file coords.cif (mmCIF, C-alpha atoms and all ligand atoms)
data_final
loop_
_atom_site.label_atom_id
_atom_site.label_comp_id
_atom_site.auth_asym_id
_atom_site.auth_seq_id
_atom_site.Cartn_x
_atom_site.Cartn_y
_atom_site.Cartn_z
CA MET A 1253 0.00 0.00 0.00
CA LEU A 1254 1.33 3.46 -0.82
CA ASP A 1255 0.80 6.66 1.14
CA LEU A 1256 -2.25 8.52 -0.26
CA LYS A 1257 -0.29 11.80 -0.21
CA PHE A 1258 2.47 10.12 -2.24
CA ILE A 1259 -0.12 8.89 -4.77
CA ARG A 1260 -1.64 12.37 -5.12
CA GLU A 1261 1.79 13.94 -5.67
CA ASN A 1262 3.22 11.17 -7.90
CA ALA A 1263 0.22 10.07 -9.95
CA ASP A 1264 2.30 9.55 -13.09
CA ALA A 1265 4.81 7.26 -11.34
CA VAL A 1266 1.93 5.28 -9.84
CA ARG A 1267 0.17 5.09 -13.22
CA HIS A 1268 3.40 3.74 -14.76
CA ALA A 1269 3.67 1.07 -12.04
CA ILE A 1270 0.03 0.06 -12.60
CA GLU A 1271 0.74 -0.29 -16.30
CA VAL A 1272 4.05 -2.19 -16.19
CA LYS A 1273 2.86 -4.48 -13.38
CA ARG A 1274 -0.34 -5.12 -15.35
CA VAL A 1275 -2.55 -4.32 -12.35
CA GLY A 1276 -6.20 -3.73 -13.29
CA LEU A 1277 -6.76 -0.42 -11.44
CA ASP A 1278 -8.27 2.87 -12.63
CA LEU A 1279 -6.10 5.47 -10.88
CA ASP A 1280 -8.27 8.36 -12.10
CA ALA A 1281 -11.30 6.78 -10.43
CA LEU A 1282 -9.28 6.41 -7.22
CA LEU A 1283 -8.14 10.05 -7.33
CA GLU A 1284 -11.71 11.25 -8.04
CA LEU A 1285 -13.03 9.18 -5.11
CA ASP A 1286 -10.26 10.68 -2.98
CA ARG A 1287 -11.35 14.23 -3.91
CA VAL A 1288 -15.03 13.48 -3.22
CA THR A 1289 -14.22 11.79 0.09
CA LEU A 1290 -12.00 14.69 1.17
CA ALA A 1291 -14.73 17.25 0.38
CA LEU A 1292 -17.35 15.22 2.22
CA ARG A 1293 -15.09 14.78 5.25
CA GLN A 1294 -14.51 18.55 5.39
CA ARG A 1295 -18.29 19.12 5.26
CA VAL A 1296 -18.93 16.59 8.02
CA GLU A 1297 -16.20 18.07 10.22
CA ALA A 1298 -17.57 21.59 9.66
CA ALA A 1299 -21.10 20.48 10.57
CA GLN A 1300 -19.80 18.66 13.67
CA ALA A 1301 -17.85 21.79 14.73
CA GLU A 1302 -20.89 24.00 14.14
CA ARG A 1303 -23.15 21.62 16.11
CA ASN A 1304 -20.69 21.56 19.04
CA ALA A 1305 -20.35 25.38 19.02
CA ASN A 1306 -24.12 25.73 18.76
CA ALA A 1307 -24.69 23.32 21.67
CA LYS A 1308 -22.51 25.54 23.90
CA LEU A 1309 -24.68 28.58 23.11
CA VAL A 1310 -27.97 26.97 24.18
CA PRO A 1311 -27.52 27.08 28.01
CA LYS A 1312 -26.39 30.77 27.84
CA ALA A 1313 -29.15 31.85 25.40
CA SER A 1314 -32.12 34.03 26.35
CA PRO A 1315 -35.56 32.33 26.32
CA GLU A 1316 -36.33 34.14 23.05
CA GLU A 1317 -33.16 32.89 21.30
CA ARG A 1318 -33.17 29.37 22.69
CA PRO A 1319 -35.82 27.69 20.44
CA ALA A 1320 -34.01 28.74 17.25
CA LEU A 1321 -30.69 27.44 18.58
CA ILE A 1322 -32.25 24.12 19.61
CA GLN A 1323 -33.82 23.77 16.15
CA LYS A 1324 -30.47 24.55 14.53
CA GLY A 1325 -28.89 21.81 16.62
CA LYS A 1326 -31.57 19.36 15.45
CA ASP A 1327 -31.13 20.37 11.79
CA LEU A 1328 -27.35 19.86 12.04
CA GLY A 1329 -27.94 16.50 13.75
CA GLU A 1330 -30.24 15.43 10.90
CA GLU A 1331 -27.69 16.53 8.30
CA LEU A 1332 -24.92 14.56 10.05
CA LYS A 1333 -27.10 11.48 10.38
CA ALA A 1334 -27.25 11.41 6.58
CA LEU A 1335 -23.66 12.46 5.85
CA GLU A 1336 -21.66 10.36 8.34
CA PRO A 1337 -22.67 6.91 6.92
CA GLU A 1338 -22.06 8.23 3.39
CA LEU A 1339 -18.59 9.36 4.43
CA ARG A 1340 -17.82 5.96 6.04
CA GLU A 1341 -18.93 4.19 2.86
CA LYS A 1342 -16.71 6.38 0.66
CA GLN A 1343 -13.73 5.93 3.01
CA GLU A 1344 -14.15 2.14 2.87
CA ALA A 1345 -14.38 2.18 -0.92
CA LEU A 1346 -11.26 4.34 -1.12
CA GLN A 1347 -9.38 2.02 1.27
CA ALA A 1348 -10.33 -0.98 -0.89
CA LEU A 1349 -8.88 0.75 -3.96
CA LEU A 1350 -5.73 1.82 -2.09
CA LEU A 1351 -5.04 -1.84 -1.23
CA ARG A 1352 -4.79 -2.51 -4.98
CA VAL A 1353 -2.22 0.18 -5.73
CA PRO A 1354 1.08 -1.55 -6.64
CA ASN A 1355 4.49 -0.55 -5.33
CA ILE A 1356 6.83 1.35 -7.66
CA PRO A 1357 9.52 -0.95 -9.15
CA LEU A 1358 13.10 0.37 -8.95
CA ALA A 1359 14.47 1.97 -12.11
CA ASP A 1360 16.63 -1.01 -13.16
CA VAL A 1361 13.82 -3.57 -13.00
CA PRO A 1362 13.30 -4.90 -16.54
CA VAL A 1363 9.86 -4.04 -17.93
CA GLY A 1364 8.13 -7.20 -19.10
CA VAL A 1365 4.92 -9.12 -19.37
CA SER A 1366 5.66 -12.51 -17.75
CA ASP A 1367 8.47 -14.77 -16.53
CA GLU A 1368 9.47 -15.06 -20.21
CA ASP A 1369 10.85 -11.54 -19.88
CA ASN A 1370 12.90 -12.22 -16.73
CA VAL A 1371 16.61 -11.55 -17.16
CA GLU A 1372 19.32 -14.12 -16.37
CA LEU A 1373 22.02 -12.40 -14.30
CA ARG A 1374 24.53 -15.22 -13.77
CA ARG A 1375 25.00 -18.99 -13.50
CA GLU A 1376 26.84 -20.66 -10.60
CA GLY A 1377 28.18 -24.20 -10.20
CA THR A 1378 28.81 -26.85 -12.84
CA VAL A 1379 25.93 -28.62 -14.54
CA PRO A 1380 26.64 -32.38 -13.97
CA GLN A 1381 27.70 -34.66 -16.85
CA PHE A 1382 26.73 -38.26 -16.13
CA ASP A 1383 28.65 -41.26 -17.48
CA PHE A 1384 25.42 -43.27 -17.13
CA GLU A 1385 21.77 -42.69 -18.08
CA PRO A 1386 20.50 -40.44 -15.23
CA LYS A 1387 17.03 -40.97 -13.80
CA ASP A 1388 14.43 -38.32 -12.98
CA HIS A 1389 13.46 -37.78 -9.36
CA VAL A 1390 10.28 -39.88 -9.56
CA ALA A 1391 12.17 -42.93 -10.90
CA LEU A 1392 14.93 -42.45 -8.31
CA LEU A 1393 12.46 -42.31 -5.43
CA GLU A 1394 10.27 -45.15 -6.67
CA ALA A 1395 13.27 -47.44 -7.24
CA ARG A 1396 14.14 -47.13 -3.54
CA GLY A 1397 10.59 -47.13 -2.15
CA TRP A 1398 11.18 -43.59 -0.92
CA ALA A 1399 7.87 -42.09 -1.99
CA GLU A 1400 4.24 -43.05 -1.79
CA PHE A 1401 3.13 -41.44 -5.07
CA GLU A 1402 0.31 -43.97 -5.60
CA ARG A 1403 -0.95 -44.56 -2.07
CA VAL A 1404 -0.92 -40.84 -1.15
CA GLY A 1405 -3.51 -40.26 -3.88
CA LYS A 1406 -5.92 -42.24 -1.71
CA VAL A 1407 -5.00 -40.14 1.31
CA SER A 1408 -4.76 -36.63 -0.05
CA GLY A 1409 -5.71 -36.61 -3.71
CA SER A 1410 -3.61 -35.06 -6.50
CA ARG A 1411 -0.50 -32.89 -6.03
CA SER A 1412 0.24 -34.50 -2.65
CA TYR A 1413 3.30 -36.39 -1.43
CA MET A 1414 4.64 -38.58 1.34
CA LEU A 1415 8.27 -39.56 1.72
CA ARG A 1416 9.47 -42.79 3.30
CA GLY A 1417 12.69 -43.92 4.97
CA ASP A 1418 15.88 -42.03 4.12
CA MET A 1419 14.02 -39.60 1.84
CA ALA A 1420 11.92 -38.47 4.80
CA LEU A 1421 15.15 -38.05 6.75
CA LEU A 1422 16.73 -36.16 3.84
CA GLU A 1423 13.80 -33.71 3.70
CA MET A 1424 14.13 -33.04 7.43
CA ALA A 1425 17.92 -32.74 7.10
CA LEU A 1426 17.59 -30.01 4.45
CA LEU A 1427 15.10 -28.02 6.54
CA ASN A 1428 17.20 -28.48 9.68
CA PHE A 1429 20.34 -27.46 7.76
CA ALA A 1430 18.58 -24.25 6.61
CA MET A 1431 17.37 -23.35 10.12
CA ASN A 1432 20.82 -23.91 11.64
CA PHE A 1433 22.57 -22.10 8.80
CA LEU A 1434 20.39 -19.01 9.34
CA ALA A 1435 20.63 -19.19 13.12
CA GLY A 1436 24.37 -19.07 12.55
CA LYS A 1437 23.82 -15.87 10.55
CA GLY A 1438 21.97 -14.27 13.48
CA PHE A 1439 18.42 -14.93 12.29
CA THR A 1440 15.91 -15.79 15.01
CA PRO A 1441 14.59 -19.31 14.39
CA LEU A 1442 10.80 -19.43 14.47
CA SER A 1443 8.52 -22.44 14.23
CA ALA A 1444 5.57 -20.69 12.63
CA SER A 1445 1.88 -21.40 12.23
CA ALA A 1446 0.22 -21.82 8.85
CA LEU A 1447 -3.37 -21.45 10.10
CA VAL A 1448 -3.92 -17.70 9.78
CA ARG A 1449 -6.66 -15.06 9.92
CA PRO A 1450 -7.71 -13.38 6.63
CA GLU A 1451 -6.26 -9.97 7.60
CA THR A 1452 -2.75 -11.49 7.65
CA LEU A 1453 -3.09 -12.15 3.91
CA VAL A 1454 -4.24 -8.60 3.22
CA ALA A 1455 -1.22 -7.40 5.20
CA THR A 1456 1.32 -9.25 3.05
CA GLY A 1457 -0.44 -8.26 -0.17
CA HIS A 1458 -1.62 -11.75 -1.10
CA PHE A 1459 -5.14 -10.31 -0.79
CA PRO A 1460 -6.87 -8.75 -2.63
CA GLY A 1461 -6.08 -10.73 -5.75
CA GLY A 1462 -4.70 -14.06 -4.55
CA GLU A 1463 -7.84 -15.42 -2.93
CA ASP A 1464 -8.05 -18.38 -5.33
CA GLN A 1465 -4.59 -19.62 -4.26
CA VAL A 1466 -5.56 -20.01 -0.58
CA TYR A 1467 -7.39 -22.85 1.16
CA ARG A 1468 -9.92 -21.65 3.75
CA ILE A 1469 -11.33 -23.51 6.76
CA GLU A 1470 -15.06 -23.97 6.31
CA ASP A 1471 -17.24 -21.92 8.67
CA GLU A 1472 -14.19 -20.36 10.33
CA ALA A 1473 -12.36 -17.08 9.71
CA LEU A 1474 -9.17 -19.09 9.25
CA MET A 1475 -7.07 -19.93 6.18
CA LEU A 1476 -3.97 -21.95 5.34
CA ALA A 1477 -1.03 -19.69 4.46
CA GLY A 1478 1.03 -20.47 1.34
CA THR A 1479 4.24 -19.24 2.99
CA ALA A 1480 5.54 -18.46 6.49
CA GLU A 1481 5.94 -14.88 5.21
CA VAL A 1482 2.23 -14.47 6.05
CA PRO A 1483 2.22 -15.38 9.78
CA VAL A 1484 5.68 -13.89 10.39
CA ASN A 1485 4.84 -10.58 8.74
CA TYR A 1486 1.77 -10.18 10.95
CA LEU A 1487 3.64 -11.00 14.17
CA HIS A 1488 4.51 -7.33 14.76
CA SER A 1489 1.33 -5.87 13.27
CA GLY A 1490 0.07 -2.79 15.09
CA GLU A 1491 3.37 -2.38 16.95
CA ILE A 1492 5.62 0.68 17.18
CA LEU A 1493 9.17 -0.69 17.28
CA SER A 1494 12.19 1.29 18.37
CA VAL A 1495 14.98 1.83 15.86
CA GLU A 1496 17.31 -0.09 18.20
CA GLN A 1497 15.17 -3.18 17.68
CA LEU A 1498 15.84 -3.09 13.93
CA PRO A 1499 16.74 -5.11 11.96
CA ILE A 1500 14.46 -7.93 13.04
CA ASN A 1501 15.22 -11.09 11.09
CA TYR A 1502 13.52 -14.44 11.29
CA ALA A 1503 14.22 -17.91 9.95
CA ALA A 1504 10.68 -19.23 9.97
CA ILE A 1505 9.79 -22.85 9.27
CA SER A 1506 6.21 -23.79 8.52
CA ALA A 1507 3.96 -25.95 6.44
CA ALA A 1508 2.74 -24.10 3.35
CA PHE A 1509 -0.49 -24.73 1.45
CA ARG A 1510 -1.41 -23.66 -2.08
CA SER A 1511 -4.39 -24.52 -4.23
CA GLU A 1512 -2.22 -24.00 -7.37
CA ALA A 1513 -5.38 -22.76 -9.10
CA GLY A 1514 -4.38 -21.91 -12.65
CA SER A 1515 -1.52 -24.46 -12.71
CA ALA A 1516 -3.65 -27.24 -14.21
CA GLY A 1517 -1.47 -29.63 -16.18
CA ARG A 1518 1.80 -28.08 -15.01
CA ASP A 1519 4.25 -30.27 -13.05
CA VAL A 1520 1.49 -32.75 -12.19
CA ARG A 1521 4.02 -35.55 -11.69
CA GLY A 1522 6.31 -35.73 -8.68
CA LEU A 1523 7.46 -33.16 -6.16
CA ILE A 1524 7.81 -29.83 -7.97
CA ARG A 1525 4.31 -28.46 -7.43
CA VAL A 1526 2.21 -29.86 -4.55
CA HIS A 1527 -0.63 -28.53 -2.43
CA GLU A 1528 1.16 -28.89 0.92
CA PHE A 1529 4.89 -28.41 1.36
CA LYS A 1530 7.45 -27.26 3.95
CA LYS A 1531 9.56 -24.14 3.78
CA VAL A 1532 12.18 -22.29 5.78
CA GLU A 1533 11.64 -18.58 5.10
CA GLN A 1534 14.03 -15.66 5.57
CA TYR A 1535 12.11 -12.55 6.68
CA VAL A 1536 13.52 -9.12 7.63
CA ILE A 1537 12.13 -5.87 9.00
CA CYS A 1538 14.74 -3.12 8.56
CA ALA A 1539 14.97 0.69 8.59
CA GLY A 1540 12.73 2.45 6.04
CA ASP A 1541 15.75 3.38 3.91
CA LEU A 1542 16.24 1.90 0.44
CA ALA A 1543 20.03 1.82 0.83
CA VAL A 1544 19.57 -0.35 3.93
CA SER A 1545 16.87 -2.62 2.53
CA GLN A 1546 18.78 -3.19 -0.71
CA GLN A 1547 21.76 -4.31 1.41
CA TRP A 1548 19.45 -6.76 3.15
CA PHE A 1549 18.19 -7.89 -0.26
CA GLN A 1550 21.77 -8.86 -1.15
CA ILE A 1551 22.25 -10.58 2.23
CA LEU A 1552 19.08 -12.70 1.82
CA LEU A 1553 20.18 -13.59 -1.71
CA ALA A 1554 23.71 -14.45 -0.57
CA ASN A 1555 22.37 -16.66 2.25
CA ALA A 1556 20.38 -18.74 -0.22
CA GLU A 1557 23.31 -18.93 -2.65
CA GLU A 1558 25.72 -20.00 0.09
CA MET A 1559 23.34 -22.79 1.11
CA LEU A 1560 23.12 -23.97 -2.51
CA ARG A 1561 26.91 -23.89 -2.87
CA LEU A 1562 27.20 -25.95 0.35
CA LEU A 1563 24.65 -28.38 -1.07
CA GLU A 1564 26.69 -28.46 -4.31
CA LEU A 1565 23.68 -27.59 -6.46
CA PRO A 1566 24.25 -25.64 -9.71
CA TYR A 1567 21.84 -22.72 -10.12
CA ARG A 1568 21.26 -19.42 -11.84
CA VAL A 1569 20.04 -16.06 -10.57
CA ILE A 1570 17.43 -14.19 -12.60
CA GLN A 1571 15.91 -10.74 -12.15
CA ASN A 1572 12.13 -10.74 -12.26
CA CYS A 1573 10.54 -8.31 -14.72
CA THR A 1574 7.71 -5.96 -13.77
CA GLY A 1575 5.04 -8.36 -15.06
CA ASP A 1576 6.33 -11.24 -12.92
CA MET A 1577 7.15 -9.55 -9.63
CA GLY A 1578 3.72 -9.03 -8.09
CA ALA A 1579 2.14 -5.82 -6.79
CA GLY A 1580 4.14 -5.26 -3.61
CA LYS A 1581 7.77 -5.64 -4.70
CA VAL A 1582 10.23 -2.92 -5.66
CA TYR A 1583 12.93 -5.49 -6.48
CA MET A 1584 12.92 -9.26 -6.97
CA TYR A 1585 15.30 -12.03 -8.00
CA ASP A 1586 14.52 -15.73 -8.37
CA ILE A 1587 17.10 -18.46 -7.91
CA GLU A 1588 16.60 -21.46 -10.19
CA CYS A 1589 18.34 -24.80 -9.64
CA TRP A 1590 19.45 -27.11 -12.45
CA VAL A 1591 17.12 -30.12 -12.95
CA PRO A 1592 18.98 -32.68 -15.12
CA SER A 1593 15.87 -34.62 -16.21
CA GLU A 1594 14.34 -31.43 -17.58
CA GLY A 1595 17.61 -30.06 -18.93
CA ARG A 1596 16.74 -26.66 -17.53
CA TYR A 1597 16.77 -24.50 -14.41
CA ARG A 1598 13.61 -24.50 -12.22
CA GLU A 1599 12.66 -21.86 -9.64
CA THR A 1600 13.53 -22.86 -6.05
CA HIS A 1601 13.84 -19.44 -4.34
CA SER A 1602 12.22 -15.99 -4.59
CA CYS A 1603 13.95 -12.96 -3.03
CA SER A 1604 11.96 -9.72 -2.65
CA ASN A 1605 12.28 -6.20 -1.29
CA LEU A 1606 8.83 -4.69 -0.63
CA GLY A 1607 9.92 -1.26 0.66
CA ASP A 1608 7.37 0.06 3.15
CA TRP A 1609 4.38 -1.20 1.09
CA GLN A 1610 3.85 -4.32 3.25
CA ALA A 1611 4.60 -2.60 6.60
CA ARG A 1612 2.03 0.10 5.77
CA ARG A 1613 -0.65 -2.55 5.15
CA THR A 1614 0.39 -4.44 8.27
CA GLY A 1615 0.61 -1.39 10.53
CA ILE A 1616 4.22 -1.93 11.61
CA ARG A 1617 6.02 1.34 12.48
CA TYR A 1618 9.18 2.36 14.31
CA ARG A 1619 10.48 5.47 16.05
CA ASP A 1620 13.84 6.86 14.88
CA ALA A 1621 16.44 8.28 17.30
CA GLU A 1622 14.59 11.63 17.30
CA GLY A 1623 11.33 9.86 18.16
CA LYS A 1624 9.85 10.43 14.67
CA LEU A 1625 7.55 7.67 13.36
CA HIS A 1626 8.39 5.78 10.14
CA TYR A 1627 7.29 2.66 8.29
CA PRO A 1628 10.11 0.09 8.04
CA HIS A 1629 10.99 -1.90 4.92
CA THR A 1630 10.26 -5.64 4.81
CA LEU A 1631 11.98 -8.30 2.72
CA ASN A 1632 11.77 -12.04 2.32
CA ASN A 1633 13.54 -14.85 0.54
CA THR A 1634 13.18 -18.60 0.50
CA ALA A 1635 15.88 -20.39 2.48
CA ILE A 1636 14.89 -23.95 1.54
CA ALA A 1637 11.53 -25.26 0.38
CA THR A 1638 10.92 -29.00 0.23
CA PRO A 1639 9.98 -31.19 -1.51
CA ARG A 1640 10.78 -28.98 -4.52
CA LEU A 1641 14.49 -28.74 -3.62
CA LEU A 1642 14.66 -32.53 -3.40
CA VAL A 1643 14.11 -32.63 -7.18
CA PRO A 1644 17.42 -31.00 -8.23
CA PHE A 1645 19.09 -32.49 -5.15
CA VAL A 1646 18.44 -36.19 -5.83
CA GLU A 1647 18.90 -35.81 -9.59
CA VAL A 1648 22.20 -33.93 -9.40
CA HIS A 1649 23.61 -36.16 -6.63
CA GLN A 1650 22.47 -39.52 -8.04
CA THR A 1651 25.02 -42.30 -8.68
CA ALA A 1652 24.90 -44.97 -11.42
CA GLU A 1653 23.59 -47.38 -8.77
CA GLY A 1654 20.65 -45.07 -8.02
CA ARG A 1655 22.07 -43.98 -4.67
CA ILE A 1656 22.21 -40.31 -3.59
CA ARG A 1657 25.45 -38.62 -2.49
CA ILE A 1658 25.21 -36.46 0.63
CA PRO A 1659 27.32 -33.26 0.29
CA GLU A 1660 29.73 -32.71 3.17
CA ALA A 1661 27.79 -29.77 4.67
CA LEU A 1662 24.65 -31.88 5.00
CA ARG A 1663 26.26 -34.99 6.53
CA PRO A 1664 25.94 -33.74 10.15
CA TYR A 1665 22.17 -33.70 9.53
CA MET A 1666 22.18 -37.21 8.05
CA GLY A 1667 23.97 -39.03 10.84
CA GLY A 1668 27.30 -38.50 9.14
CA ARG A 1669 26.37 -40.64 6.15
CA THR A 1670 28.06 -39.84 2.83
CA GLU A 1671 25.28 -41.36 0.69
CA ILE A 1672 21.86 -43.02 0.99
N1 LIG A 1701 3.12 -25.56 -5.00
C1 LIG A 1701 4.38 -25.65 -4.58
N2 LIG A 1701 4.92 -26.86 -4.35
C2 LIG A 1701 6.20 -26.98 -3.92
N3 LIG A 1701 7.01 -25.93 -3.68
C3 LIG A 1701 6.50 -24.70 -3.89
C4 LIG A 1701 5.18 -24.49 -4.34
N4 LIG A 1701 4.97 -23.14 -4.46
C5 LIG A 1701 6.12 -22.54 -4.09
N5 LIG A 1701 7.04 -23.47 -3.75
C6 LIG A 1701 8.41 -23.23 -3.28
O1 LIG A 1701 8.39 -22.08 -2.43
C7 LIG A 1701 9.30 -21.12 -2.96
C8 LIG A 1701 8.83 -19.73 -2.59
O2 LIG A 1701 7.54 -19.52 -3.11
S1 LIG A 1701 7.26 -18.12 -3.74
O3 LIG A 1701 5.86 -18.00 -3.87
O4 LIG A 1701 8.05 -18.02 -4.92
N6 LIG A 1701 7.82 -17.03 -2.72
C9 LIG A 1701 7.47 -16.96 -1.42
O5 LIG A 1701 6.63 -17.71 -0.93
C10 LIG A 1701 8.24 -15.95 -0.59
N7 LIG A 1701 7.65 -15.84 0.72
C11 LIG A 1701 9.71 -16.38 -0.50
O6 LIG A 1701 9.82 -17.71 -0.01
C12 LIG A 1701 9.33 -21.39 -4.44
O7 LIG A 1701 10.49 -20.84 -5.04
C13 LIG A 1701 9.33 -22.92 -4.45
O8 LIG A 1701 10.63 -23.42 -4.15
#
call {"tool": "encode", "arguments": {"input": "coords.cif", "output": "structure tokens", "more": "lines below"}}
Ligand SMILES: Nc1ncnc2c1ncn2[C@@H]1O[C@H](COS(=O)(=O)NC(=O)[C@@H](N)CO)[C@@H](O)[C@H]1O
result
Amino acid sequence: MLDLKFIRENADAVRHAIEVKRVGLDLDALLELDRVTLALRQRVEAAQAERNANAKLVPKASPEERPALIQKGKDLGEELKALEPELREKQEALQALLLRVPNIPLADVPVGVSDEDNVELRREGTVPQFDFEPKDHVALLEARGWAEFERVGKVSGSRSYMLRGDMALLEMALLNFAMNFLAGKGFTPLSASALVRPETLVATGHFPGGEDQVYRIEDEALMLAGTAEVPVNYLHSGEILSVEQLPINYAAISAAFRSEAGSAGRDVRGLIRVHEFKKVEQYVICAGDLAVSQQWFQILLANAEEMLRLLELPYRVIQNCTGDMGAGKVYMYDIECWVPSEGRYRETHSCSNLGDWQARRTGIRYRDAEGKLHYPHTLNNTAIATPRLLVPFVEVHQTAEGRIRIPEALRPYMGGRTEI
């Protein structure tokens, strides 16, 4: 959400963001509603002031003057009874439109329509050359009885998964590795909920717009979050932090649930795209200063890259274009890991700087050293999400015998074993 004053004074920049982010919003209608609401609020406040002033005159008035003053008070009361609900209605309508205003992408964000227009920045690691016919992750897991692809259909329907034996241990090892890695970087580990209230999804910016991606609990005002970003972002909602408390950074592990509406037919086989998965999330609240938050952007990116280097997974970093970055971001990179069976890189991480757009929606503020109130900047990046990361992991680390090598950095989390 952007500051209404900023929108009034920078309508062209906002209009450009609406256009390049392909957000369906009529800014002129919003600005007109803003003008009408402002005028109405001034009229209501004037009538309220006049009624209060008038009410003070009544007890001091002479018997001759009093009836007229009482009538005037009644007339003003009638007028307010009609105007106040109208004003509330217009303020609510304006608020609903303000929630749809996108953030302004930074100048060097490539303008584009979809992920086709994302820009590859660099590739890291060496794509493996096998001296045997490599298997895809489904064949690798089925050969070792490590997944219940058939049976789980009975339990949970399509796009679900269960892992058995060493694969279950490997999933936990990766998540544990990520939590310990980030704790070592000074992030506060958090075991987060996924059952959240609807306002938490408005706060992150998932709503309005992403309703069809979210499972909701019938007859309850509760939903299943698609990322720990949602519960963690709302943790400090409504709070006024002190600048000494910043930066606040969390390594949050949670289940994550997504309906994947609109993904019909995509990645229907295996572990890439499932309805329920697990993720360790990096989340930061920092000073409301772009120089600071862009440093944190690089830190969150570097954390994910260091983990991938330790896991010996080749990857590339891409910059998301305006059409693929979502409403709230000013800056966004994806990391994509090499998947041998597909002969291409697949997204495994998303790193975003949201400026103060998310904090404004969430109602997180902080006082600077002079006691002045500001909105902080918030950022997030995936640390490790499973089972998706298992796909490049098992395929890249497979041996001719269908075993999986465990990189050195992960062995402490796998009982010291060098392969499974
Ligand atoms: N349906 C899914 N199944 C499996 N993994 C998924 C699914 N959706 C997302 N992920 C994993 O979660 C990562 C982050 O998802 S994201 O929507 O891109 N970004 C976020 O959720 C941000 N909060 C950063 O984590 C993805 O890169 C991917 O690795």
call {"tool": "closest_residue", "arguments": {"input": "coords.cif", "among": "A:Glu1622, A:Asp1541, A:Glu1481, A:Glu1496", "to": "ligand LIG 1701 (chain A)", "atoms": "all atoms listed in the file"}}
result
A:Glu1481
call {"tool": "residues_near_ligand", "arguments": {"input": "coords.cif", "ligand": "ligand LIG 1701 (chain A)", "cutoff": "7 Å", "atoms": "all atoms listed in the file", "output": "PyMOL selection string"}}
result
chain A and resi 1478-1481+1510+1512+1523-1529+1531+1533+1599-1603+1632-1634+1637-1641
call {"tool": "residues_around", "arguments": {"input": "coords.cif", "residues": "A:Gly1514", "least_positions_apart": "4", "cutoff": "12 Å", "atoms": "only C-alpha atoms", "output": "NGL selection string"}}
result
:A and (1462 or 1464-1465 or 1510 or 1518)
call {"tool": "closest_residue", "arguments": {"input": "coords.cif", "among": "A:Ala1320, A:Val1448, A:Leu1487, A:Leu1474", "to": "A:Ile1537", "atoms": "all atoms listed in the file"}}
result
A:Leu1487
call {"tool": "residues_around", "arguments": {"input": "coords.cif", "residues": "A:Val1582", "least_positions_apart": "2", "cutoff": "9 Å", "atoms": "all atoms listed in the file", "output": "list in words"}}
result
Asn1355, Ile1356, Pro1357, Leu1358, Val1361, Met1577, Ala1579, Gly1580, Met1584, Ser1604, Asn1605, Leu1606 and Gly1607 of chain A
call {"tool": "atom_distance", "arguments": {"input": "coords.cif", "atom1": "atom CA of A:Leu1392", "atom2": "atom CA of A:Leu1415"}}
result
12.4 Å
call {"tool": "closest_atom_pairs", "arguments": {"input": "coords.cif", "of": "stretch 1434-1467 of chain A", "to": "stretch 1343-1350 of chain A", "cutoff": "12 Å", "atoms": "all atoms listed in the file", "output": "CSV"}}
result
residue,atom,partner,partner_atom,distance
A:Val1454,CA,A:Ala1348,CA,10.6
A:Gly1457,CA,A:Leu1350,CA,11.5
A:Phe1459,CA,A:Ala1348,CA,10.7
A:Pro1460,CA,A:Ala1348,CA,8.7
A:Gly1461,CA,A:Ala1348,CA,11.7
call {"tool": "residues_around", "arguments": {"input": "coords.cif", "residues": "A:Gly1522", "least_positions_apart": "6", "cutoff": "9 Å", "atoms": "all atoms listed in the file", "output": "ChimeraX atom specification"}}
result
/A:1389-1390,1401,1411-1413,1643
call {"tool": "closest_residue", "arguments": {"input": "coords.cif", "among": "A:Gly1325, A:Gly1397, A:Gly1276, A:Gly1364", "to": "A:Arg1352", "atoms": "all atoms listed in the file"}}
result
A:Gly1276
call {"tool": "closest_residue", "arguments": {"input": "coords.cif", "among": "A:Gly1667, A:Gly1654, A:Pro1441, A:Pro1659", "to": "A:Gln1534", "atoms": "all atoms listed in the file"}}
result
A:Pro1441
call {"tool": "closest_residue", "arguments": {"input": "coords.cif", "among": "A:Trp1548, A:Phe1384, A:Tyr1585, A:Tyr1665", "to": "A:Ala1425", "atoms": "only C-alpha atoms"}}
result
A:Tyr1665
call {"tool": "closest_residue", "arguments": {"input": "coords.cif", "among": "A:Ser1366, A:Ser1545, A:Asn1572, A:Ser1494", "to": "A:Glu1588", "atoms": "only C-alpha atoms"}}
result
A:Asn1572
call {"tool": "atom_distance", "arguments": {"input": "coords.cif", "atom1": "atom CA of A:Phe1549", "atom2": "atom CA of A:Gln1610"}}
result
15.2 Å
call {"tool": "residues_around", "arguments": {"input": "coords.cif", "residues": "A:Asn1555", "least_positions_apart": "4", "cutoff": "8 Å", "atoms": "all atoms listed in the file", "output": "PyMOL selection string"}}
result
chain A and resi 1434+1551+1559+1635
call {"tool": "residues_around", "arguments": {"input": "coords.cif", "residues": "A:Val1379", "least_positions_apart": "5", "cutoff": "10 Å", "atoms": "only C-alpha atoms", "output": "list in words"}}
result
Leu1565, Pro1566, Tyr1567, Cys1589, Trp1590, Val1591, Pro1592, Gly1595, Arg1596 and Val1648 of chain A
